[in-house]
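Shown next: query-v8.csv, given as CSV, C-alpha atoms and all ligand atoms.
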chain,number,residue,atom,x,y,z
Q,28,MET,CA,0.5,18.1,-0.4
Q,29,ARG,CA,-1.9,17.1,2.3
Q,30,GLU,CA,-5.0,15.0,1.7
Q,31,THR,CA,-8.0,15.2,3.9
Q,32,ILE,CA,-9.8,12.0,4.8
Q,33,ASP,CA,-13.4,12.6,5.4
Q,34,MET,CA,-15.4,9.5,6.2
Q,35,PRO,CA,-18.4,9.0,8.5
Q,36,LYS,CA,-16.9,6.0,10.3
Q,37,SER,CA,-13.6,5.3,11.8
Q,38,LYS,CA,-11.4,3.2,9.6
Q,39,PHE,CA,-7.9,2.1,9.2
Q,40,VAL,CA,-6.1,3.4,6.1
Q,41,ARG,CA,-2.9,2.5,4.5
Q,42,VAL,CA,-0.7,5.5,4.0
Q,43,ILE,CA,2.4,5.8,2.0
Q,44,CYS,CA,5.0,8.3,3.4
Q,45,LYS,CA,5.7,10.9,0.7
Q,46,LYS,CA,9.3,11.1,1.8
Q,47,CYS,CA,10.5,7.5,2.1
Q,48,LYS,CA,7.6,5.6,0.6
Q,49,ASN,CA,7.2,3.5,3.7
Q,50,GLU,CA,3.7,2.1,3.9
Q,51,GLN,CA,2.0,2.2,7.3
Q,52,THR,CA,-1.5,1.4,8.6
Q,53,VAL,CA,-3.0,4.2,10.5
Q,54,PHE,CA,-6.4,5.0,12.1
Q,55,ASN,CA,-8.3,7.7,10.3
Q,56,LYS,CA,-9.7,9.2,13.5
Q,57,ALA,CA,-6.3,9.3,15.2
Q,58,SER,CA,-6.2,11.8,18.1
Q,59,THR,CA,-2.5,11.8,18.3
Q,60,LEU,CA,0.2,12.6,15.9
Q,61,VAL,CA,1.5,9.6,14.0
Q,62,LYS,CA,5.0,9.6,12.7
Q,63,CYS,CA,6.5,7.6,10.0
Q,64,LEU,CA,8.3,4.6,11.5
Q,65,LYS,CA,11.2,4.9,9.1
Q,66,CYS,CA,12.0,8.5,8.6
Q,67,ASP,CA,10.1,10.1,11.5
Q,68,VAL,CA,8.2,12.6,9.4
Q,69,ASP,CA,4.7,13.6,10.6
Q,70,LEU,CA,2.5,11.2,8.8
Q,71,VAL,CA,-1.0,11.7,10.3
Q,72,ILE,CA,-1.9,15.0,11.9
Q,73,PRO,CA,-5.1,15.2,14.0
Q,74,THR,CA,-7.2,18.3,13.6
Q,75,GLY,CA,-10.0,17.4,16.1
Q,76,GLY,CA,-12.2,15.2,13.9
Q,77,GLU,CA,-10.8,14.5,10.6
Q,78,VAL,CA,-7.1,14.0,10.1
Q,79,PHE,CA,-4.6,15.3,7.6
Q,80,VAL,CA,-2.5,12.7,5.9
Q,81,ASN,CA,0.9,13.9,5.0
Q,82,GLY,CA,1.4,11.5,2.2
Q,83,LYS,CA,-0.6,9.2,-0.1
Q,84,VAL,CA,-3.6,7.1,0.9
Q,85,ALA,CA,-3.0,3.7,-0.6
Q,86,GLN,CA,-6.0,1.8,0.6
Q,87,VAL,CA,-8.9,2.1,2.9
Q,88,LEU,CA,-9.3,-1.1,5.0
Q,89,GLN,CA,-13.0,-2.1,5.4
D,101,ZN,ZN,8.8,8.1,5.9
Show me the file's structure as structure tokens.
Ligand SMILES: [Zn+2]
Amino acid sequence: MRETIDMPKSKFVRVICKKCKNEQTVFNKASTLVKCLKCDVDLVIPTGGEVFVNGKVAQVLQ
């Protein structure tokens, strides 16, 4: 299941890979695809503004 992050400002979020449970810090306005460092699954998919997170958002870093 994909979760949309919709926030007014750019932030870093901690995302847990749904496949291997690896936790990774990503930019919520990423313009390029971010892959999981462990299992190489697509973790953050840019859509031209907001991003789709292919996993669980653990924490939003202020
Ligand atoms: Zn993974």
Point to revise | Test item: residues no farther than 7 Å from ligand ZN 101 (chain D), counting only C-alpha atoms and all ligand atoms, as a list of chain:residue names | key: Q:Cys44, Q:Lys45, Q:Lys46, Q:Cys47, Q:Lys48, Q:Asn49, Q:Cys63, Q:Leu64, Q:Lys65, Q:Cys66, Q:Asp67, Q:Val68
Emit the selected residues as a PDB file, in the frame of the given file, including C-alpha atoms.
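Now in out_2.pdb:
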ATOM      1  CA  CYS Q  44       5.000   8.300   3.400  1.00  0.00           C
ATOM      2  CA  LYS Q  45       5.700  10.900   0.700  1.00  0.00           C
ATOM      3  CA  LYS Q  46       9.300  11.100   1.800  1.00  0.00           C
ATOM      4  CA  CYS Q  47      10.500   7.500   2.100  1.00  0.00           C
ATOM      5  CA  LYS Q  48       7.600   5.600   0.600  1.00  0.00           C
ATOM      6  CA  ASN Q  49       7.200   3.500   3.700  1.00  0.00           C
ATOM      7  CA  CYS Q  63       6.500   7.600  10.000  1.00  0.00           C
ATOM      8  CA  LEU Q  64       8.300   4.600  11.500  1.00  0.00           C
ATOM      9  CA  LYS Q  65      11.200   4.900   9.100  1.00  0.00           C
ATOM     10  CA  CYS Q  66      12.000   8.500   8.600  1.00  0.00           C
ATOM     11  CA  ASP Q  67      10.100  10.100  11.500  1.00  0.00           C
ATOM     12  CA  VAL Q  68       8.200  12.600   9.400  1.00  0.00           C
TER      13      VAL Q  68
END
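With distances restricted to all atoms listed in the file, Q:Arg29 is the closest residue to Q:Asp69 from Q:Arg29, Q:Ala85, Q:Lys56, Q:Val40.
With only C-alpha atoms as the atoms that count, the minimum distance from Q:Thr59 to the choices Q:Thr74, Q:Asn81, Q:Ser37, Q:Gln89 is reached by Q:Thr74.
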Revision key, fill the gap. In Å and to one decimal, atom CA of Q:Val84 is distant from atom CA of Q:Val61 by 14.3 Å
Exercise for review: Name the residues in contact with Q:Val78 at a cut-off of 10 Å, using all atoms listed in the file, excluding same-chain residues fewer than 3 positions from it; report them as a list in words.
Suggested key: Arg29, Glu30, Thr31, Ile32, Asp33, Phe54, Asn55, Lys56, Ala57, Ser58, Thr59, Leu60, Val71, Ile72, Pro73, Thr74, Gly75 and Asn81 of chain Q
Exercise for review: Name the residues, using the chain letters and numbers of the file, that sit within 9 Å of (1.6, -0.9, 9.6) when counting all atoms listed in the file, and give them as an MDAnalysis selection string.
Suggested key: chainID Q and resid 41:42 50:53 64
How would the residues just picked look written out with C-alpha atoms as a CSV table (one decimal), keeping the file's coordinate frame?
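part.csv was written with the following content:
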chain,number,residue,atom,x,y,z
Q,41,ARG,CA,-2.9,2.5,4.5
Q,42,VAL,CA,-0.7,5.5,4.0
Q,50,GLU,CA,3.7,2.1,3.9
Q,51,GLN,CA,2.0,2.2,7.3
Q,52,THR,CA,-1.5,1.4,8.6
Q,53,VAL,CA,-3.0,4.2,10.5
Q,64,LEU,CA,8.3,4.6,11.5
